[in-house]
>>> print(open('my_file18.tsv').read())   # TSV, C-alpha atoms
chain	number	residue	atom	x	y	z
E	1	MET	CA	69.09	152.26	46.65
E	2	THR	CA	68.27	148.86	45.24
E	3	ARG	CA	66.29	147.85	42.21
E	4	PRO	CA	64.32	144.69	41.47
E	5	PRO	CA	66.34	142.03	39.65
E	6	ARG	CA	65.74	141.96	35.93
E	7	SER	CA	64.01	138.99	34.41
E	8	GLY	CA	65.59	136.98	31.62
E	9	LYS	CA	68.68	134.82	31.70
E	10	ARG	CA	70.02	136.23	34.94
E	11	LEU	CA	70.35	133.81	37.84
E	12	GLY	CA	68.37	133.95	41.07
E	13	TYR	CA	68.93	133.62	44.79
E	14	PRO	CA	69.88	129.88	44.79
E	15	ALA	CA	72.89	130.74	42.63
E	16	ALA	CA	73.84	133.57	45.01
E	17	ALA	CA	73.55	131.14	47.93
E	18	ALA	CA	75.87	128.71	46.12
E	19	VAL	CA	78.45	131.49	45.64
E	20	PHE	CA	78.14	132.34	49.34
E	21	ALA	CA	78.72	128.71	50.35
E	22	VAL	CA	81.78	128.29	48.12
E	23	GLY	CA	83.37	131.44	49.51
E	24	MET	CA	82.76	130.51	53.15
E	25	ALA	CA	84.02	126.94	52.62
E	26	GLY	CA	87.48	128.32	51.93
E	27	THR	CA	87.69	129.89	55.39
E	28	THR	CA	87.56	126.50	57.15
E	29	LEU	CA	89.28	124.38	54.49
E	30	PRO	CA	92.63	124.14	56.38
E	31	THR	CA	91.03	122.89	59.63
E	32	PRO	CA	91.77	119.13	59.32
E	33	LEU	CA	95.22	119.89	57.90
E	34	TYR	CA	96.68	121.79	60.86
E	35	GLY	CA	98.18	118.60	62.29
E	36	LEU	CA	99.99	117.95	59.00
E	37	TYR	CA	101.33	121.51	59.00
E	38	ARG	CA	102.53	121.04	62.59
E	39	GLU	CA	104.45	117.91	61.59
E	40	GLN	CA	105.92	119.59	58.51
E	41	LEU	CA	106.85	122.95	60.04
E	42	GLY	CA	107.33	121.92	63.66
E	43	PHE	CA	105.28	124.54	65.52
E	44	SER	CA	103.19	124.27	68.70
E	45	GLU	CA	99.44	124.09	69.25
E	46	LEU	CA	99.59	127.70	70.41
E	47	MET	CA	100.88	128.69	66.97
E	48	VAL	CA	97.99	126.77	65.36
E	49	THR	CA	95.49	128.89	67.30
E	50	VAL	CA	97.37	132.10	66.45
E	51	VAL	CA	97.31	131.20	62.74
E	52	PHE	CA	93.59	130.58	63.05
E	53	ALA	CA	92.97	133.84	64.95
E	54	VAL	CA	94.54	135.90	62.16
E	55	TYR	CA	91.42	135.00	60.16
E	56	ALA	CA	89.19	136.74	62.71
E	57	LEU	CA	91.39	139.85	62.56
E	58	GLY	CA	90.86	139.96	58.80
E	59	VAL	CA	87.09	139.62	59.22
E	60	ILE	CA	86.89	142.36	61.85
E	61	ALA	CA	89.10	144.76	59.85
E	62	THR	CA	86.92	144.23	56.77
E	63	LEU	CA	83.71	144.75	58.72
E	64	LEU	CA	85.07	148.00	60.14
E	65	LEU	CA	86.46	149.35	56.87
E	66	ALA	CA	84.21	147.90	54.17
E	67	GLY	CA	81.14	146.45	55.85
E	68	ASN	CA	78.76	148.53	53.73
E	69	VAL	CA	80.90	148.95	50.60
E	70	SER	CA	78.48	146.90	48.46
E	71	ASP	CA	75.82	149.60	49.01
E	72	GLU	CA	77.98	151.92	46.91
E	73	ALA	CA	80.04	149.65	44.65
E	74	GLY	CA	77.27	147.15	43.96
E	75	ARG	CA	76.84	143.53	45.02
E	76	ARG	CA	78.56	141.81	42.09
E	77	PRO	CA	81.91	143.69	42.28
E	78	VAL	CA	82.14	143.02	46.01
E	79	LEU	CA	81.29	139.33	45.57
E	80	LEU	CA	83.94	139.03	42.86
E	81	ALA	CA	86.48	140.79	45.11
E	82	ALA	CA	85.63	138.36	47.94
E	83	LEU	CA	86.15	135.40	45.61
E	84	GLY	CA	89.46	136.95	44.55
E	85	PHE	CA	90.63	137.11	48.17
E	86	SER	CA	89.48	133.52	48.63
E	87	ALA	CA	91.47	132.40	45.57
E	88	ALA	CA	94.56	134.28	46.80
E	89	SER	CA	94.19	132.54	50.16
E	90	ALA	CA	94.01	129.12	48.47
E	91	LEU	CA	97.15	129.94	46.49
E	92	CYS	CA	99.01	130.83	49.69
E	93	PHE	CA	98.22	127.39	51.08
E	94	LEU	CA	98.79	125.64	47.77
E	95	PHE	CA	102.35	127.00	47.45
E	96	GLU	CA	102.87	127.11	51.22
E	97	GLY	CA	106.45	127.89	52.19
E	98	GLY	CA	106.29	128.27	55.95
E	99	LEU	CA	104.42	130.19	58.64
E	100	PRO	CA	104.35	133.54	56.76
E	101	ALA	CA	102.37	131.92	53.94
E	102	LEU	CA	99.93	130.40	56.43
E	103	PHE	CA	99.42	133.76	58.12
E	104	ALA	CA	98.90	135.47	54.76
E	105	GLY	CA	96.43	132.79	53.66
E	106	ARG	CA	94.37	133.11	56.84
E	107	LEU	CA	94.35	136.92	56.67
E	108	LEU	CA	93.17	136.89	53.04
E	109	SER	CA	90.53	134.34	54.01
E	110	GLY	CA	89.31	136.76	56.68
E	111	PHE	CA	89.02	139.53	54.10
E	112	ALA	CA	86.90	137.23	51.93
E	113	ALA	CA	84.61	136.27	54.80
E	114	GLY	CA	84.21	139.88	55.92
E	115	LEU	CA	83.02	140.93	52.48
E	116	LEU	CA	80.82	137.88	51.97
E	117	SER	CA	79.04	138.01	55.33
E	118	GLY	CA	77.33	141.26	54.40
E	119	ALA	CA	77.23	141.43	50.60
E	120	ALA	CA	76.31	137.79	49.96
E	121	THR	CA	73.59	137.72	52.61
E	122	VAL	CA	71.98	140.83	51.19
E	123	THR	CA	72.31	139.55	47.62
E	124	VAL	CA	70.49	136.32	48.44
E	125	MET	CA	67.67	138.27	50.10
E	126	GLU	CA	67.35	140.87	47.34
E	127	LEU	CA	67.22	138.34	44.51
E	128	ALA	CA	64.33	136.42	46.06
E	129	PRO	CA	60.77	137.32	45.03
E	130	PRO	CA	58.61	138.63	47.91
E	131	GLU	CA	56.71	135.35	48.29
E	132	ARG	CA	60.00	133.52	48.90
E	133	ALA	CA	61.58	135.95	51.35
E	134	ALA	CA	61.48	133.48	54.26
E	135	ARG	CA	62.98	130.73	52.11
E	136	ALA	CA	65.74	133.08	50.96
E	137	GLY	CA	66.58	133.96	54.57
E	138	LEU	CA	66.98	130.27	55.36
E	139	ALA	CA	69.05	129.81	52.18
E	140	ALA	CA	71.43	132.59	53.27
E	141	THR	CA	71.80	131.02	56.72
E	142	ALA	CA	72.36	127.55	55.26
E	143	ALA	CA	74.90	128.88	52.75
E	144	ASN	CA	76.86	130.65	55.47
E	145	MET	CA	77.02	127.89	58.09
E	146	GLY	CA	76.77	125.08	55.54
E	147	GLY	CA	79.73	126.48	53.62
E	148	LEU	CA	81.76	126.76	56.82
E	149	GLY	CA	80.94	123.12	57.58
E	150	CYS	CA	81.64	121.80	54.09
E	151	GLY	CA	85.19	123.23	54.04
E	152	PRO	CA	86.68	120.82	56.61
E	153	LEU	CA	84.54	117.95	55.30
E	154	LEU	CA	85.92	118.41	51.76
E	155	SER	CA	89.54	118.82	52.81
E	156	GLY	CA	89.34	115.95	55.30
E	157	LEU	CA	88.00	113.55	52.67
E	158	LEU	CA	90.57	114.57	50.07
E	159	ALA	CA	93.48	114.56	52.52
E	160	GLU	CA	92.59	111.12	53.85
E	161	TYR	CA	91.63	109.27	50.69
E	162	ALA	CA	93.45	111.05	47.83
E	163	SER	CA	97.02	112.03	47.00
E	164	TRP	CA	98.71	115.35	47.88
E	165	PRO	CA	96.82	116.03	51.14
E	166	LEU	CA	98.24	119.56	51.50
E	167	ARG	CA	97.64	120.49	47.86
E	168	LEU	CA	94.56	118.79	46.42
E	169	PRO	CA	91.98	120.43	48.77
E	170	PHE	CA	93.07	123.88	47.61
E	171	VAL	CA	93.16	122.86	43.94
E	172	ALA	CA	89.58	121.63	44.33
E	173	HIS	CA	88.55	124.88	46.01
E	174	LEU	CA	90.12	126.97	43.27
E	175	ALA	CA	88.01	125.04	40.76
E	176	LEU	CA	84.88	125.76	42.84
E	177	ILE	CA	85.85	129.45	43.04
E	178	ALA	CA	86.10	129.58	39.24
E	179	VAL	CA	82.56	128.18	38.95
E	180	ALA	CA	81.34	130.63	41.60
E	181	ALA	CA	82.92	133.55	39.72
E	182	VAL	CA	81.03	132.57	36.57
E	183	LEU	CA	77.78	132.36	38.54
E	184	THR	CA	78.48	135.77	40.10
E	185	TRP	CA	79.02	137.33	36.67
E	186	PHE	CA	75.51	136.32	35.66
E	187	LEU	CA	73.82	137.46	38.89
E	188	PRO	CA	71.60	140.53	38.54
E	189	GLU	CA	72.96	143.73	40.06
E	190	THR	CA	70.42	145.00	42.60
E	191	VAL	CA	72.12	148.32	43.49
E	192	ALA	CA	70.62	150.96	41.21
E	193	SER	CA	73.43	153.53	41.52
E	194	ALA	CA	76.43	151.22	41.83
E	195	ARG	CA	79.79	152.91	41.31
E	196	VAL	CA	83.33	151.67	41.85
E	197	LYS	CA	85.22	154.76	40.66
E	198	GLY	CA	85.94	157.21	43.47
E	199	LEU	CA	84.99	154.72	46.17
E	200	ARG	CA	86.73	155.34	49.49
E	201	LEU	CA	87.00	152.96	52.42
E	202	ARG	CA	86.24	154.76	55.68
E	203	PRO	CA	86.29	153.35	59.21
E	204	GLN	CA	82.74	152.81	60.41
E	205	GLY	CA	81.60	153.74	63.88
E	206	LEU	CA	80.54	151.02	66.31
E	207	ALA	CA	78.57	153.19	68.69
E	208	VAL	CA	75.79	151.41	70.58
E	209	PRO	CA	72.93	153.72	71.63
E	210	PRO	CA	72.48	153.91	75.44
E	211	ALA	CA	68.90	152.64	75.22
E	212	VAL	CA	70.08	149.44	73.51
E	213	ARG	CA	73.08	148.61	75.69
E	214	GLY	CA	71.19	146.27	78.02
E	215	VAL	CA	69.92	144.10	75.16
E	216	PHE	CA	73.21	144.45	73.32
E	217	THR	CA	75.34	143.30	76.27
E	218	THR	CA	73.44	140.09	76.94
E	219	SER	CA	73.09	139.29	73.23
E	220	ALA	CA	76.77	139.98	72.53
E	221	VAL	CA	77.94	137.86	75.47
E	222	ALA	CA	75.74	134.98	74.28
E	223	ALA	CA	77.19	135.32	70.77
E	224	PHE	CA	80.73	135.46	72.21
E	225	ALA	CA	80.14	132.17	74.05
E	226	GLY	CA	78.58	130.48	71.01
E	227	PHE	CA	81.30	131.61	68.61
E	228	SER	CA	83.92	130.46	71.13
E	229	LEU	CA	82.55	126.93	70.68
E	230	LEU	CA	82.77	127.29	66.88
E	231	GLY	CA	86.33	128.54	67.21
E	232	LEU	CA	87.25	125.61	69.42
E	233	PHE	CA	85.98	123.08	66.89
E	234	THR	CA	87.48	124.92	63.92
E	235	ALA	CA	90.95	125.51	65.37
E	236	VAL	CA	91.60	122.97	68.12
E	237	ALA	CA	89.23	120.02	67.51
E	238	PRO	CA	91.65	118.28	65.08
E	239	ALA	CA	94.29	118.17	67.82
E	240	PHE	CA	91.72	116.94	70.37
E	241	VAL	CA	90.63	114.16	68.03
E	242	ALA	CA	94.18	113.08	67.19
E	243	GLU	CA	96.02	113.53	70.50
E	244	THR	CA	93.36	113.12	73.19
E	245	LEU	CA	91.02	110.65	71.49
E	246	ASP	CA	93.74	108.92	69.42
E	247	VAL	CA	91.72	109.10	66.19
E	248	HIS	CA	93.88	109.92	63.16
E	249	ASN	CA	91.39	109.73	60.28
E	250	LEU	CA	91.29	113.21	58.71
E	251	ALA	CA	87.93	112.54	57.04
E	252	LEU	CA	86.42	111.76	60.44
E	253	THR	CA	87.97	114.93	61.85
E	254	GLY	CA	86.36	116.95	59.05
E	255	LEU	CA	83.02	115.24	59.74
E	256	VAL	CA	83.18	116.19	63.43
E	257	VAL	CA	83.76	119.86	62.53
E	258	PHE	CA	81.04	119.69	59.85
E	259	SER	CA	78.55	118.45	62.45
E	260	VAL	CA	78.81	121.57	64.62
E	261	PHE	CA	78.06	123.87	61.69
E	262	LEU	CA	75.25	121.63	60.45
E	263	ALA	CA	73.68	121.78	63.90
E	264	SER	CA	74.11	125.57	63.98
E	265	THR	CA	72.19	125.85	60.71
E	266	ALA	CA	69.43	123.69	62.17
E	267	GLY	CA	69.33	125.84	65.31
E	268	GLN	CA	68.90	129.03	63.32
E	269	ALA	CA	66.13	127.42	61.27
E	270	LEU	CA	64.31	126.42	64.48
E	271	MET	CA	63.85	129.98	65.75
E	272	GLY	CA	60.56	130.35	63.88
E	273	ARG	CA	59.10	127.48	65.90
E	274	VAL	CA	60.71	128.38	69.21
E	275	GLY	CA	59.88	132.07	68.97
E	276	GLU	CA	62.15	135.09	69.29
E	277	ARG	CA	61.40	135.57	73.00
E	278	ARG	CA	62.59	132.08	73.96
E	279	ALA	CA	65.29	131.54	71.33
E	280	LEU	CA	68.08	133.48	73.04
E	281	PRO	CA	67.80	132.06	76.61
E	282	GLY	CA	66.84	128.61	75.31
E	283	GLY	CA	69.82	128.58	72.96
E	284	CYS	CA	72.14	129.46	75.85
E	285	PHE	CA	70.89	126.50	77.89
E	286	VAL	CA	71.28	124.10	74.94
E	287	LEU	CA	74.79	125.49	74.43
E	288	VAL	CA	75.55	124.75	78.10
E	289	ALA	CA	74.46	121.14	77.58
E	290	GLY	CA	76.73	120.91	74.54
E	291	LEU	CA	79.70	122.23	76.51
E	292	VAL	CA	79.03	119.66	79.26
E	293	LEU	CA	79.20	116.93	76.60
E	294	VAL	CA	82.41	118.37	75.12
E	295	GLY	CA	84.01	118.43	78.58
E	296	ALA	CA	82.82	114.87	79.24
E	297	SER	CA	84.29	113.71	75.92
E	298	LEU	CA	87.71	114.95	77.04
E	299	LEU	CA	87.32	113.58	80.56
E	300	PHE	CA	86.34	110.11	79.38
E	301	THR	CA	88.18	110.23	76.01
E	302	SER	CA	85.02	109.46	74.06
E	303	LEU	CA	84.53	110.39	70.40
E	304	PRO	CA	80.72	109.78	70.48
E	305	LEU	CA	80.45	112.27	73.36
E	306	LEU	CA	82.47	114.81	71.36
E	307	VAL	CA	80.14	114.41	68.36
E	308	ALA	CA	77.12	114.72	70.67
E	309	GLY	CA	78.66	117.88	72.13
E	310	ALA	CA	79.21	119.29	68.62
E	311	LEU	CA	75.59	118.64	67.64
E	312	CYS	CA	74.08	119.91	70.89
E	313	GLY	CA	76.42	122.90	71.20
E	314	GLY	CA	76.00	123.86	67.55
E	315	LEU	CA	72.22	123.70	67.89
E	316	GLY	CA	72.33	125.99	70.91
E	317	GLN	CA	74.77	128.37	69.24
E	318	GLY	CA	72.58	128.69	66.15
E	319	LEU	CA	69.41	129.24	68.14
E	320	ALA	CA	71.01	131.80	70.47
E	321	PHE	CA	72.75	133.59	67.60
E	322	ARG	CA	69.57	133.98	65.55
E	323	GLY	CA	67.70	135.14	68.66
E	324	ALA	CA	70.45	137.65	69.50
E	325	VAL	CA	70.38	139.18	66.02
E	326	ALA	CA	66.59	139.45	66.18
E	327	ALA	CA	66.69	141.06	69.65
E	328	ILE	CA	69.29	143.65	68.64
E	329	SER	CA	67.55	144.45	65.36
E	330	ALA	CA	64.28	144.98	67.22
E	331	ALA	CA	65.77	147.17	69.94
E	332	ALA	CA	68.08	149.38	67.86
E	333	PRO	CA	66.61	152.55	66.31
E	334	PRO	CA	66.73	152.50	62.48
E	335	GLU	CA	69.36	155.23	62.25
E	336	HIS	CA	71.77	153.23	64.47
E	337	ARG	CA	70.81	149.69	63.47
E	338	ALA	CA	73.69	149.04	61.06
E	339	ALA	CA	76.34	150.31	63.50
E	340	THR	CA	74.84	148.30	66.36
E	341	VAL	CA	74.72	145.07	64.35
E	342	SER	CA	78.29	145.67	63.15
E	343	ALA	CA	79.43	146.08	66.76
E	344	PHE	CA	77.64	142.83	67.60
E	345	PHE	CA	79.51	140.95	64.87
E	346	VAL	CA	82.84	142.37	66.04
E	347	VAL	CA	82.19	140.93	69.53
E	348	ALA	CA	81.12	137.60	67.99
E	349	TYR	CA	84.33	137.32	65.94
E	350	LEU	CA	86.40	138.20	68.99
E	351	GLY	CA	84.73	135.17	70.53
E	352	ILE	CA	85.88	132.93	67.70
E	353	SER	CA	89.51	134.00	68.11
E	354	LEU	CA	90.58	135.12	71.59
E	355	PRO	CA	89.42	132.08	73.62
E	356	VAL	CA	91.04	129.56	71.26
E	357	VAL	CA	94.35	131.43	71.51
E	358	GLY	CA	93.94	131.09	75.28
E	359	VAL	CA	93.46	127.35	74.85
E	360	GLY	CA	96.63	127.19	72.76
E	361	ALA	CA	98.57	129.07	75.44
E	362	LEU	CA	97.25	126.80	78.20
E	363	THR	CA	98.38	123.68	76.32
E	364	LEU	CA	102.00	124.74	76.86
E	365	GLY	CA	101.55	124.57	80.64
E	366	ILE	CA	98.79	122.07	81.46
E	367	GLY	CA	98.38	120.01	78.29
E	368	LEU	CA	95.72	119.88	75.61
E	369	ARG	CA	93.17	117.84	77.57
E	370	ASN	CA	93.23	120.07	80.65
E	371	ALA	CA	93.20	123.18	78.48
E	372	GLY	CA	90.05	121.91	76.77
E	373	LEU	CA	88.41	121.18	80.10
E	374	THR	CA	89.29	124.67	81.35
E	375	PHE	CA	87.87	126.21	78.20
E	376	SER	CA	84.65	124.20	78.50
E	377	GLY	CA	84.19	125.26	82.12
E	378	CYS	CA	84.77	128.96	81.47
E	379	VAL	CA	82.49	129.22	78.43
E	380	LEU	CA	79.87	127.06	80.19
E	381	ALA	CA	79.79	129.49	83.12
E	382	LEU	CA	79.47	132.43	80.72
E	383	ALA	CA	76.61	130.87	78.74
E	384	LEU	CA	74.83	129.68	81.89
E	385	GLY	CA	75.00	133.11	83.48
E	386	VAL	CA	73.55	134.80	80.39
E	387	GLY	CA	70.89	132.11	80.03
E	388	LEU	CA	69.73	132.48	83.66
E	389	TYR	CA	69.62	136.26	83.34
E	390	LEU	CA	67.62	136.10	80.11
E	391	ALA	CA	65.25	133.50	81.55
E	392	ARG	CA	64.16	136.17	84.05
E	393	ARG	CA	64.35	139.07	81.60
E	394	PRO	CA	63.78	137.73	78.08
E	395	PRO	CA	64.21	140.15	75.16
E	396	ALA	CA	61.09	141.86	73.88
E	397	PRO	CA	59.72	140.46	70.58
E	398	ARG	CA	59.71	142.54	67.41
>>> encode(input="my_file18.tsv", output="structure tokens")
Amino acid sequence: MTRPPRSGKRLGYPAAAAVFAVGMAGTTLPTPLYGLYREQLGFSELMVTVVFAVYALGVIATLLLAGNVSDEAGRRPVLLAALGFSAASALCFLFEGGLPALFAGRLLSGFAAGLLSGAATVTVMELAPPERAARAGLAATAANMGGLGCGPLLSGLLAEYASWPLRLPFVAHLALIAVAAVLTWFLPETVASARVKGLRLRPQGLAVPPAVRGVFTTSAVAAFAGFSLLGLFTAVAPAFVAETLDVHNLALTGLVVFSVFLASTAGQALMGRVGERRALPGGCFVLVAGLVLVGASLLFTSLPLLVAGALCGGLGQGLAFRGAVAAISAAAPPEHRAATVSAFFVVAYLGISLPVVGVGALTLGIGLRNAGLTFSGCVLALALGVGLYLARRPPAPR
């Protein structure tokens, strides 16, 4: 049960959105720095993608074990726990002593993101007055994707133009986490019967009702393709920019990664104008165009084409993702809605991890450029197939 937020000196949903953004920024903060870690520790591009994929394992494990824990423990304790994991992750990178520290940092970052994705989204929505519900939904979306985009932008700028490139970004993030923790302390608690004592983490079922499996399959495949693009830009784009395009400015690398998340936010915001029925197939086709541009950027070694691919692909990913969530929420019966949406997010986070590990493995045999082209072709075929199917059988509106 939830209760209306109390009036007075307690903060509102913009503060909760700021906390959400700070927490998510930490999950992508190391992105422009992977090349520096490779030089320092001497590991391959495959190992970079494996380090990145550990994050997704942390997210999935948290979703399965503690996806709904804030319903019992309350929003504030879970948000504070997420910020604690984020701070521990930053400390692992700050005092990095080899691959084990990088793995630990990414795993802790996944725990933070898994807790934030549910608890922070709900907190933003619950703290908004009824007349601002739509604005709060957009704020939650912007905080999530905007935070993910701001992480590499911040670390890229600091690493390129300030001292201690492998230390200062994490010091800055720890300072932001401290501010976010203070904001969280003053957020109203919206769970009426919150209790931490006696709380037990139990694996949650991911059963998808038979009547929903048709909608679920197409929506989940579209999300898998879209999140694969996000994973490519978050894990492998720095190597593409440096090795294939011969651009070594870390701030520019962070800006390229920021652009795909900015476009994703814009795509999710556009669903209201496009409509739920057209958002999912339309987003798939825009994603296909983005993947064509990404492939062309590698073929012709063009940074402008890569940026265009990030913007176009991110826009399509955001539009398709928002449409997929709406389609599944509409089709799933209320008693199975949470489990169905959780299963959907598990598939999406598999998309952000497994394909990029495949790209890393391919680089050992055919090189980074050809691996990127192979990735673009495979995900393009997947997104195009789903888009064509949904163009003939679009999901039913709410």
>>> closest_residue(input="my_file18.tsv", among="E:Val208, E:Cys312, E:Leu255, E:Leu280", to="Thr340 (chain E)", atoms="all atoms listed in the file")
E:Val208
>>> residues_around(input="my_file18.tsv", residues="Ala279 (chain E)", least_positions_apart="3", cutoff="6 Å", atoms="all atoms listed in the file", output="list in words")
Met271, Val274, Gly275, Glu276, Gly282, Gly283, Leu319, Ala320 and Gly323 of chain E
>>> closest_residue(input="my_file18.tsv", among="E:Val341, E:Leu305, E:Ala239, E:Ala66", to="Ala223 (chain E)", atoms="only C-alpha atoms")
E:Val341
>>> residues_around(input="my_file18.tsv", residues="Thr123 (chain E)", least_positions_apart="5", cutoff="8 Å", atoms="only C-alpha atoms", output="list in words")
Tyr13, Ala16, Arg75 and Thr190 of chain E
>>> closest_residue(input="my_file18.tsv", among="E:Ser342, E:Gln268, E:Thr218, E:Thr374", to="Tyr389 (chain E)", atoms="all atoms listed in the file")
E:Thr218
>>> closest_residue(input="my_file18.tsv", among="E:Phe216, E:Phe240, E:Tyr37, E:Phe227", to="Ala324 (chain E)", atoms="only C-alpha atoms")
E:Phe216
>>> atom_distance(input="my_file18.tsv", atom1="CA of Pro281 (chain E)", atom2="CA of Val260 (chain E)")
19.4 Å
>>> atom_distance(input="my_file18.tsv", atom1="CA of Pro334 (chain E)", atom2="CA of Val69 (chain E)")
18.8 Å
>>> atom_distance(input="my_file18.tsv", atom1="CA of Phe43 (chain E)", atom2="CA of Phe95 (chain E)")
18.5 Å
>>> residues_near_point(input="my_file18.tsv", point="(70.5, 133.6, 45.8)", cutoff="7 Å", atoms="all atoms listed in the file", output="list in words")
Gly12, Tyr13, Pro14, Ala15, Ala16, Ala17, Thr123, Val124, Met125, Leu127 and Ala128 of chain E
>>> closest_atom_pairs(input="my_file18.tsv", of="region 226-335 of chain E", to="region 143-163 of chain E", cutoff="6 Å", atoms="all atoms listed in the file", output="JSON lines")
{"residue": "E:Leu250", "atom": "CA", "partner": "E:Gly156", "partner_atom": "CA", "distance": 4.8}
{"residue": "E:Ala251", "atom": "CA", "partner": "E:Gly156", "partner_atom": "CA", "distance": 4.1}
{"residue": "E:Gly254", "atom": "CA", "partner": "E:Leu153", "partner_atom": "CA", "distance": 4.3}
{"residue": "E:Leu255", "atom": "CA", "partner": "E:Leu153", "partner_atom": "CA", "distance": 5.4}
{"residue": "E:Phe258", "atom": "CA", "partner": "E:Gly149", "partner_atom": "CA", "distance": 4.1}
{"residue": "E:Phe261", "atom": "CA", "partner": "E:Gly149", "partner_atom": "CA", "distance": 5.1}
{"residue": "E:Thr265", "atom": "CA", "partner": "E:Met145", "partner_atom": "CA", "distance": 5.9}
>>> closest_residue(input="my_file18.tsv", among="E:Ala53, E:Ala175, E:Leu107, E:Leu364", to="Ile352 (chain E)", atoms="all atoms listed in the file")
E:Ala53
>>> closest_residue(input="my_file18.tsv", among="E:Val221, E:Gly105, E:Gly267, E:Leu362", to="Leu384 (chain E)", atoms="only C-alpha atoms")
E:Val221
>>> residues_around(input="my_file18.tsv", residues="Gly367 (chain E)", least_positions_apart="4", cutoff="12 Å", atoms="all atoms listed in the file", output="PyMOL selection string")
chain E and resi 44-46+239-240+243-244+298+359-363+371-374
>>> write_last_selection(input="my_file18.tsv", atoms="C-alpha atoms", output="JSON list (two decimals), in the coordinates of the input")
[["chain", "number", "residue", "atom", "x", "y", "z"],
["E", 44, "SER", "CA", 103.19, 124.27, 68.70],
["E", 45, "GLU", "CA", 99.44, 124.09, 69.25],
["E", 46, "LEU", "CA", 99.59, 127.70, 70.41],
["E", 239, "ALA", "CA", 94.29, 118.17, 67.82],
["E", 240, "PHE", "CA", 91.72, 116.94, 70.37],
["E", 243, "GLU", "CA", 96.02, 113.53, 70.50],
["E", 244, "THR", "CA", 93.36, 113.12, 73.19],
["E", 298, "LEU", "CA", 87.71, 114.95, 77.04],
["E", 359, "VAL", "CA", 93.46, 127.35, 74.85],
["E", 360, "GLY", "CA", 96.63, 127.19, 72.76],
["E", 361, "ALA", "CA", 98.57, 129.07, 75.44],
["E", 362, "LEU", "CA", 97.25, 126.80, 78.20],
["E", 363, "THR", "CA", 98.38, 123.68, 76.32],
["E", 371, "ALA", "CA", 93.20, 123.18, 78.48],
["E", 372, "GLY", "CA", 90.05, 121.91, 76.77],
["E", 373, "LEU", "CA", 88.41, 121.18, 80.10],
["E", 374, "THR", "CA", 89.29, 124.67, 81.35]]
>>> residues_around(input="my_file18.tsv", residues="Ala269 (chain E)", least_positions_apart="4", cutoff="10 Å", atoms="all atoms listed in the file", output="list in words")
Gly137, Leu138, Ala139, Thr141, Ala142, Ala263, Ser264, Thr265, Arg273, Val274, Leu315, Gly318, Leu319 and Arg322 of chain E
